[in-house]
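Trainee: Supplied structure: start39.cif, mmCIF, C-alpha atoms and all ligand atoms.
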data_coords
#
loop_
_atom_site.label_atom_id
_atom_site.label_comp_id
_atom_site.auth_asym_id
_atom_site.auth_seq_id
_atom_site.Cartn_x
_atom_site.Cartn_y
_atom_site.Cartn_z
CA MET A 72 89.04 97.90 88.20
CA THR A 73 87.70 100.49 90.61
CA THR A 74 87.47 104.13 89.62
CA GLY A 75 85.72 105.44 92.73
CA LYS A 76 82.77 106.40 90.53
CA ASP A 77 79.74 104.55 89.31
CA HIS A 78 80.95 104.90 85.73
CA ILE A 79 84.17 105.43 83.80
CA ASP A 80 84.74 109.00 82.71
CA LEU A 81 85.66 108.51 79.06
CA ARG A 82 87.13 112.01 78.90
CA GLU A 83 90.05 110.70 80.99
CA LEU A 84 90.74 108.14 78.32
CA HIS A 85 90.12 110.22 75.23
CA ASN A 86 93.20 111.46 73.40
CA SER A 87 92.88 115.25 73.30
CA GLU A 88 94.73 115.38 69.97
CA ILE A 89 91.86 113.55 68.27
CA PRO A 90 88.85 115.87 67.74
CA LEU A 91 85.46 114.56 68.83
CA PRO A 92 82.06 116.32 68.54
CA ASP A 93 80.83 117.72 71.90
CA GLY A 94 77.77 115.49 71.97
CA LEU A 95 79.84 112.31 71.81
CA GLN A 96 82.40 113.08 74.51
CA ASN A 97 80.60 111.19 77.28
CA ASN A 98 79.94 108.15 75.11
CA VAL A 99 82.95 107.67 72.83
CA ALA A 100 86.71 107.67 73.48
CA LEU A 101 89.24 107.64 70.69
CA THR A 102 92.63 106.88 72.13
CA THR A 103 96.00 105.24 71.59
CA LEU A 104 97.14 101.85 72.84
CA SER A 105 99.78 103.55 75.04
CA GLN A 106 97.19 105.83 76.63
CA LEU A 107 94.86 102.89 77.32
CA TYR A 108 97.74 100.88 78.78
CA ASN A 109 98.94 103.74 80.99
CA TRP A 110 95.39 104.58 82.10
CA GLY A 111 94.74 101.01 83.23
CA ARG A 112 98.10 100.64 84.96
CA ALA A 113 97.84 103.96 86.83
CA ARG A 114 94.35 103.15 88.11
CA SER A 115 95.02 99.66 89.40
CA THR A 116 98.35 100.01 91.22
CA TRP A 117 98.47 97.68 94.20
CA PRO A 118 100.74 98.85 97.03
CA LEU A 119 102.60 96.40 99.24
CA LEU A 120 101.27 96.08 102.78
CA PHE A 121 104.48 97.16 104.42
CA GLY A 122 105.44 99.83 106.92
CA LEU A 123 108.62 100.67 108.82
CA ALA A 124 107.99 103.41 111.39
CA CYS A 125 105.86 106.46 112.22
CA CYS A 126 105.31 107.34 108.55
CA ALA A 127 103.44 104.04 108.16
CA ILE A 128 100.69 105.40 110.42
CA GLU A 129 100.11 108.22 107.93
CA MET A 130 100.11 105.68 105.09
CA ILE A 131 97.47 103.66 106.94
CA ALA A 132 95.41 106.85 107.45
CA THR A 133 95.68 107.51 103.70
CA ALA A 134 94.14 104.12 103.00
CA ALA A 135 91.29 104.61 105.48
CA ALA A 136 87.88 106.11 104.71
CA ARG A 137 88.69 109.82 105.09
CA TYR A 138 91.35 109.93 102.35
CA ASP A 139 90.29 106.73 100.59
CA LEU A 140 92.89 105.15 98.33
CA SER A 141 90.14 103.22 96.59
CA ARG A 142 89.34 106.27 94.48
CA PHE A 143 92.57 105.42 92.60
CA GLY A 144 91.87 101.69 92.45
CA MET A 145 94.61 101.24 95.07
CA GLU A 146 92.66 99.96 98.05
CA VAL A 147 93.98 96.42 97.71
CA MET A 148 97.21 96.49 99.69
CA ARG A 149 98.86 93.16 99.00
CA ALA A 150 100.60 91.14 101.68
CA SER A 151 102.81 89.45 99.07
CA PRO A 152 105.40 91.26 96.93
CA ARG A 153 104.52 88.83 94.11
CA GLN A 154 101.18 90.61 93.75
CA ALA A 155 102.26 94.21 94.39
CA ASP A 156 103.30 96.96 91.95
CA LEU A 157 104.29 99.69 94.37
CA LEU A 158 106.62 99.64 97.37
CA ILE A 159 105.90 102.59 99.68
CA VAL A 160 108.98 102.82 101.90
CA SER A 161 107.25 104.47 104.85
CA GLY A 162 109.64 105.06 107.69
CA THR A 163 113.18 104.86 108.99
CA VAL A 164 115.37 102.44 107.03
CA THR A 165 117.75 100.78 109.44
CA LYS A 166 120.79 98.86 108.26
CA LYS A 167 119.16 95.69 109.50
CA MET A 168 115.95 96.30 107.51
CA VAL A 169 117.53 97.38 104.24
CA VAL A 170 118.38 93.75 103.43
CA PRO A 171 114.74 92.50 103.52
CA ILE A 172 113.60 95.67 101.70
CA VAL A 173 115.92 94.93 98.78
CA ARG A 174 114.86 91.27 98.83
CA ILE A 175 111.17 92.26 98.76
CA PHE A 176 111.78 94.72 95.91
CA ASN A 177 113.53 91.97 93.93
CA GLN A 178 110.50 89.72 94.43
CA MET A 179 108.05 92.25 92.97
CA PRO A 180 107.17 91.61 89.32
CA GLU A 181 107.85 94.33 86.76
CA PRO A 182 106.67 96.96 86.12
CA ARG A 183 107.31 97.91 89.74
CA TYR A 184 107.64 101.25 91.43
CA ALA A 185 109.10 102.58 94.67
CA LEU A 186 108.00 105.67 96.60
CA ALA A 187 110.17 107.04 99.42
CA MET A 188 107.74 108.39 102.02
CA GLY A 189 109.13 110.90 104.49
CA ALA A 190 112.47 112.37 105.44
CA CYS A 191 113.85 109.07 106.80
CA ALA A 192 113.21 106.99 103.69
CA SER A 193 114.31 109.85 101.41
CA GLY A 194 117.59 110.74 103.11
CA GLY A 195 117.90 109.44 106.66
CA GLY A 196 115.76 112.18 108.22
CA PRO A 197 116.42 113.05 111.87
CA PHE A 198 118.55 109.91 112.18
CA LYS A 199 120.87 110.72 109.27
CA GLU A 200 124.43 109.60 109.94
CA GLY A 201 123.15 107.52 112.88
CA TYR A 202 125.08 104.33 113.52
CA ASN A 203 122.13 102.11 112.53
CA VAL A 204 120.33 104.06 109.78
CA VAL A 205 120.94 104.32 106.02
CA SER A 206 120.88 107.76 104.42
CA GLY A 207 118.01 107.08 102.06
CA ILE A 208 116.60 103.96 100.45
CA ASP A 209 117.61 105.30 97.02
CA LYS A 210 121.17 104.17 97.78
CA PHE A 211 119.89 100.62 97.31
CA ILE A 212 116.77 100.57 95.11
CA PRO A 213 115.59 102.96 92.38
CA VAL A 214 113.05 105.44 93.74
CA ASP A 215 110.39 106.92 91.45
CA VAL A 216 108.84 109.52 93.75
CA TYR A 217 109.99 111.21 96.98
CA VAL A 218 107.43 112.59 99.43
CA PRO A 219 109.05 115.06 101.86
CA GLY A 220 107.93 115.63 105.44
CA CYS A 221 108.33 114.23 108.94
CA PRO A 222 105.84 112.71 108.74
CA PRO A 223 104.21 113.61 105.42
CA THR A 224 100.48 114.12 105.77
CA PRO A 225 98.05 111.81 103.96
CA GLN A 226 97.47 114.68 101.52
CA ALA A 227 101.20 114.76 100.75
CA LEU A 228 101.22 111.01 100.13
CA LEU A 229 98.19 111.38 97.84
CA TYR A 230 100.06 114.07 95.91
CA GLY A 231 103.03 111.69 95.63
CA LEU A 232 100.75 108.96 94.30
CA ILE A 233 99.23 111.35 91.75
CA THR A 234 102.79 112.27 90.72
CA LEU A 235 103.54 108.57 90.27
CA HIS A 236 100.42 108.22 88.11
CA ARG A 237 101.65 111.11 85.95
CA LYS A 238 104.98 109.33 85.57
CA MET A 239 103.19 106.14 84.53
CA GLU A 240 101.08 108.10 82.06
CA SER A 241 104.21 109.50 80.41
CA SER A 242 105.43 106.08 79.27
CA SER A 243 104.92 105.02 75.67
CA LEU A 244 104.76 101.59 74.10
CA ASN A 245 106.60 103.11 71.11
CA ASN A 246 109.64 103.87 73.25
CA ILE A 247 111.12 100.69 74.67
CA ASN A 248 113.26 102.67 77.11
CA SER A 249 110.13 103.84 78.91
CA VAL A 250 108.71 100.29 79.15
CA PRO A 251 111.95 98.24 79.40
CA TRP A 252 110.16 95.23 80.92
CA TYR A 253 108.64 94.54 77.48
CA GLY A 254 111.98 94.83 75.70
CA ARG A 255 114.99 93.22 77.25
CA GLY A 256 113.04 91.13 79.78
CA PRO A 257 113.32 91.24 83.54
CA SER A 258 116.04 93.45 84.94
CA ASP A 259 118.92 92.01 86.96
CA GLU A 260 118.33 91.43 90.62
CA ILE A 261 119.73 94.08 92.95
CA PRO A 262 122.49 92.43 95.02
CA LEU A 263 121.50 92.06 98.65
CA PRO A 264 123.45 94.40 100.94
CA ILE A 265 125.72 92.59 103.40
CA LEU A 266 125.00 93.30 107.04
CA GLY A 267 128.17 93.37 109.12
CA PRO A 268 129.72 95.95 111.46
CA ASP A 269 128.47 98.32 108.77
CA ILE A 270 126.19 97.79 105.78
CA ILE A 271 128.01 96.99 102.55
CA ASP A 272 126.53 97.30 99.09
CA PRO A 273 128.19 94.51 97.03
CA ARG A 274 128.15 96.83 93.98
CA GLN A 275 130.63 99.07 95.77
CA THR A 276 133.06 96.34 96.79
CA GLU A 277 135.66 97.36 94.21
CA ILE A 278 135.49 101.04 95.24
CA LEU A 279 135.90 100.07 98.90
CA ARG A 280 138.85 97.79 98.08
CA LYS A 281 140.64 100.64 96.24
CA GLU A 282 139.98 103.07 99.09
CA ILE A 283 141.37 100.60 101.64
CA GLU A 284 144.47 99.95 99.50
CA SER A 285 145.08 103.66 99.09
CA PHE A 286 144.60 104.24 102.84
CA ASN A 287 147.03 101.40 103.68
CA ALA A 288 149.60 102.77 101.20
CA SER A 289 149.44 106.27 102.71
CA MET A 290 149.79 104.83 106.24
CA GLN A 291 152.90 102.86 105.19
CA GLU A 292 154.40 106.04 103.66
CA MET A 293 153.79 107.95 106.87
CA GLN A 294 155.38 105.17 108.95
CA ALA A 295 158.41 105.04 106.63
CA GLU A 296 158.91 108.81 106.98
CA ALA A 297 158.58 108.72 110.77
S1 LIG B 1 110.27 110.86 108.57
FE1 LIG B 1 109.66 111.43 110.67
S2 LIG B 1 107.62 110.50 110.88
FE2 LIG B 1 108.60 109.47 109.15
S3 LIG B 1 109.61 107.65 109.99
FE3 LIG B 1 111.11 109.32 110.00
S4 LIG B 1 110.95 110.21 112.06
FE4 LIG B 1 109.09 109.00 111.71
#
What is this file in structure tokens?
Mentor:
Amino acid sequence: MTTGKDHIDLRELHNSEIPLPDGLQNNVALTTLSQLYNWGRARSTWPLLFGLACCAIEMIATAAARYDLSRFGMEVMRASPRQADLLIVSGTVTKKMVVPIVRIFNQMPEPRYALAMGACASGGGPFKEGYNVVSGIDKFIPVDVYVPGCPPTPQALLYGLITLHRKMESSSLNNINSVPWYGRGPSDEIPLPILGPDIIDPRQTEILRKEIESFNASMQEMQAEA
């Protein structure tokens, strides 16, 4: 594990609720299993090597020497979703691309996280309501952190990553709802959206069917009255 330092700062790991004499603070850490687990997970998150549009350039800059993701133990961007913990959706999500994005997210092992980088990934951005763009990746996969901006700067992405670390650090092994992958096993796969004249989320098929039936019924009523 990389910490970006030549030693581990034990004060990061020490549980502040447990008193420790001043002289021992750099040498001894008394902590909980949850804190140790969260600390390790937050400092070894491997992002997926994956970019969609202009925002990806800022993500690449964040990983380069000036901003240096390796200080968080995140410098290893994995080319395989099987080995990645974090999907940074960096760019415009077109209807054509949302299908492979959901497939890739399904292939990532749990615990897995998703960060929507930029206005496009968060809500459609300047292309919102465009014929070929979805209005946010959160319509299809669960998003943990949103980073606003068009494009967000590397500093903004770093702040988003720190926010994700805080979220990870808030989970507790005592509460199975915050670590569900240890409780009920792997979650169900997200159904792949169907690409047609428009994108269809299979989870909304029933809602769409009812809307079409209601539309047809109102059209028939109007024709009967005419
Ligand atoms: S949010 Fe702006 S910079 Fe990012 S992909 Fe969309 S248009 Fe490009």
Trainee: Dump the neighbourhood of ligand LIG 1 (chain B) as a ChimeraX atom specification: all residues within 10 Å, distances computed on only C-alpha atoms and all ligand atoms.
Mentor: /A:122-129,160-164,187-199,218-224
Trainee: Would you mind telling me which residue in A:Pro262, A:Asn109, A:Arg82, A:Gln226 lies nearest to Ser243 (chain A) when using all atoms listed in the file?
Mentor: A:Asn109
Trainee: Please indicate the distance in Å from CA of Met168 (chain A) to CA of Ile208 (chain A), rounded to one decimal place.
Mentor: 10.4 Å
Trainee: Which is closest to Ser115 (chain A) among A:Leu186, A:Ile265, A:Leu232, A:Ile271, if we use only C-alpha atoms?
Mentor: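 Closest to Ser115 (chain A) of all the choices is A:Leu232.
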Trainee: Between A:Leu84, A:Gln106, A:Tyr230, A:Pro118, which residue has the minimum interatomic distance to Leu244 (chain A), considering only C-alpha atoms?
Mentor: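 Closest to Leu244 (chain A), using only C-alpha atoms: A:Gln106.
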Trainee: Excluding Leu266 (chain A) and its own-chain neighbours fewer than 2 positions away, which residues fall within 10 Å of it when counting only C-alpha atoms? Please give them as a list in words.
Mentor: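 Residues near the query, excluding close chain neighbours: Lys166, Lys167, Met168, Val169, Val170, Leu263, Pro264, Pro268, Asp269, Ile270, Ile271 and Asp272 of chain A.
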Trainee: Kindly give the distance, in Å, that separates CA of Trp110 (chain A) and CA of Leu140 (chain A), rounded to a single decimal.
Mentor: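 About the pair CA of Trp110 (chain A) and CA of Leu140 (chain A): they are 16.4 Å apart.
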Trainee: Between CA of Thr276 (chain A) and CA of Ile159 (chain A), what is the distance in Å, rounded to a tenth?
Mentor: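 We find that CA of Thr276 (chain A) and CA of Ile159 (chain A) lie 28.0 Å from each other.
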Trainee: Please provide as an MDAnalysis selection string all residues within 7 Å of Arg114 (chain A), with the sequence filter that same-chain residues fewer than 3 positions apart are discarded (counting all atoms listed in the file).
Mentor: chainID A and resid 110:111 143:144
Trainee: Give me, as a CSV table (one decimal) with C-alpha atoms, keeping the file's coordinate frame, all polymer residues having an atom no more than 12 Å from Asn245 (chain A), counting all atoms listed in the file and skipping those fewer than 6 positions away in the same chain.
Mentor:
chain,number,residue,atom,x,y,z
A,103,THR,CA,96.0,105.2,71.6
A,104,LEU,CA,97.1,101.8,72.8
A,105,SER,CA,99.8,103.6,75.0
A,106,GLN,CA,97.2,105.8,76.6
A,108,TYR,CA,97.7,100.9,78.8
A,251,PRO,CA,112.0,98.2,79.4
A,253,TYR,CA,108.6,94.5,77.5
A,254,GLY,CA,112.0,94.8,75.7
